[in-house]
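In what follows, a structure is listed as structure tokens, so that the remarks can point back to it.
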Amino acid sequence: MVRGLSAGEIGPTEGSTNLPPDDTGEAIGLSASGLTITFGFGPGLFRDDDGKDRFGLADRQPKALRTLPHFPADVLDPEKSYGDLCVQACADDPQVAVHAIRNLARIGFGTVAVRWSQLGFGRTSTTSTSQSTPRNLFGFKDGTANIKSEETKDVEEHVWVASGADPRAEWLAGGSYLVARRFNMNIEIWDRQTLGDQEDFIGRTKDTGAPLSGGTEFTEPDFTMPGSTGHIIPDDSHIRLVHPDFNNGARMLRRGYNFVDGSNPIGGLDAGLFFIAYVTDPDTHFIPIQNTMAKSDALMEYLKVTGSALFAVPPGIGPGEYVGQSLFA
Amino acid sequence: MRKPLIVAALLVTAPFLAACTENAKDSGGDSGDARTVSVTSTDDECKVSAAKVPSGALTFDVTNDGSQVTEFYLLGEDGLRIVGEVENVGPQLSRQLVVNAPAGTYTTACKPGMKGDGIRADFTVTKSGDEPSVSADDQQLVDTALTNYSAYVQDQSDQLVAKTQEFVDDYKSGDDDAARTLYPEARTHWERIETVAESFGDLDPKTDAREADLEPGQKWTGWHRIEKDLWPELAEDYTPLTAKQRAFYADDLMKNITTLDKRVQGLDYTVDQIANGSRGLLEEVAAGKVTGEEEYWSHTDLWDFQANVDGARVGFEGVKPIVEQSNPELAKTLTTRFADLQKLLDAHKTDTGFTFYDDLTPDQVQDLANAVNALSEPLSQLTAAVLS
């Protein structure tokens, strides 16, 4: 599929008229659209709810792979959380991404079952310096300070799991952890906030995305610069609280998407940011930052986390290898 | 909304001392609109594109070409009275100041580094067809609004202390029926001034945290801890609190409410804080009450709903005379929409208070949510209207 070929041997309009085609057909005529597929393993692949070894892999469970702790403002919907396996399909055309998930699920029926899925649109974070920064549903540029693929040293340090980092799970060396969080935005209330307040909550201007301490989008924020009252980048602003300078240098590779799942029962948008981050270790690169954010971030007034999951993403594979070979072999 | 920092605002502007600015042309900024003025603030200059403009809604496009944070002020003829201001303009950034100015003589001032009197120049607004009906800052109206609001908050706080005392006494003595009756009544006084109460960041989590709001290791105390103990039906494997534990949570709540009451006595407000408080209370309704999340165990959400609306309406009515001058249309809309919402709430009133949230039908909840949206949207214009 990532090469634009059909899913399965029998193409969408081929084969016997008495048989359902292998490929479901909604991607006929579409290109591969940059489709990428990323797989991850949840804690449930290693141990069941009672902690018992499920498939003889328990001794290889990575130490940080477990159900994420409860964070303030978490109102998790179990039907949008957790899972034993995950598949992230990304493409320039959502129809292609859906095609991939749909066909993989079909192939897997009998062995695996779908617990939940989330369709996102509009990437919220740039992952390369060649991309311009897109906006989230708050209307702000999102991901200005994201790790870019060109920053190889930072990718090495903050994204990939190093060899020897977790002796029990050496199979994960060269892989990563995927943190998924469904942030529902209180869109209607947000829209009634003044421009000045919105910018203070974020710590950047809505127009160019420059930090409130001045300059242009990619100017480093000056967190010490005084403002009319307190710091010009307020103490409870989002960019201050999650900045590496205040989090032991930790950075994340974010790969999140906006989502709108229709409306809620009281006529508001069921919408927000489906946050996806890749980190070398959630215990140092996600949990403490999420706690700080939940506790102090001005944005939390407009956010509610309704889904949450953590997966270990095995390293990439070479020709002739299969996904997770380092774990299962 | 931004949690208001409730402090006495003291604006000190020293009299006119120095002005160093280029002589600006009369009328007409860069954009060609006679009421749009561009201001460029550098570390030692304040370039204003026009020194004379026609009266009406003026827009100052303030750009900071300096190296420090700057501010821009439009001051009255005395050089003291602030007609409009824009703060926190970072280096290389721009912000707009929109201000309704009647004909008269004014002073403009850039304040690079936010220190001193600023770089000042004379500024003239000439008479035009778009004269604002009344000067926007009728001090008499403002003073009345401030005095009344301060009295309202103190009165609610007094009643909160009295009712909470009754409530904790009943709860401690094991008279649960009486405590259940008093719970929403005592909380009414809290909810009416919730935005003020919440501004004390240390007290709010101790008094009003919901179970889901807690962070690991945080002890759950306050109203909702006791609520769960009084309405444990929904709780799984719940162990009722012992008499000793009850006394602890009751005394702790009372202590925090007493502290709140003491702090409230010394508070001063500004009109924009009152307007923001009004808007903020409706946000509380939209975020927690109309969804039934606030009173998860007792389902007494409509009591809180009504109390938030009470507080919001008092805030609005306090500043209404100001809004009637600056934006009569808005004043009218808000008056109508408050009445519409109240009518819906009245329909859910019972002999003992209100319908419990879990007895509302989805349609009734939707109607309430629609009315909240209808009111909240224009209410978000209120602060700008009292400041213009």
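Ligands are numbered from 1 in the order shown, chains are lettered A, B, ... in the order of the structure tokens, and residues start at 1 in each chain.
Selecting chain A residues within 8 Å of chain B and counting only C-alpha atoms yields His70, Phe71, Pro72, Ala73, Asp74, Val75, Asn186, Ile189, Arg192, Gln193, Thr194, Asp197, Ala210, Leu212, Ser213, Gly214, Gly215, Thr216, Met225, Pro226, Gly227, Ser228, Ile232, Pro265, Ile266, Gly267, Asn291, Lys295 and Ala298 of chain A.
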With only C-alpha atoms as the counted atoms, please give the residues lying no more than 6 Å from region 167-173 of chain B, apart from itself and same-chain residues fewer than 5 positions off, as a tab-separated table (two decimals) with C-alpha atoms, in the first residue's frame.
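Just written: out-v4.tsv:
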chain	number	residue	atom	x	y	z
B	179	ALA	CA	-26.54	18.56	55.49
B	182	LEU	CA	-27.80	22.80	53.04
B	246	ARG	CA	-15.85	13.93	58.94
B	247	ALA	CA	-14.67	16.39	61.56
B	250	ALA	CA	-15.59	19.78	57.85
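Closest to Glu191 (chain B) among B:Pro321, B:Gly311, B:Pro240, B:Gly292 is B:Gly311, based on only C-alpha atoms.
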Handout entry: For CA of Thr13 (chain A) and CA of Ile37 (chain A), the interatomic separation in Å (one decimal)
Key = 24.4 Å
Completion exercise
Using only C-alpha atoms, the residue out of A:Gly230, A:Pro62, A:Gly209, A:Gly318 with shortest distance to Ala145 (chain A) is A:Gly209
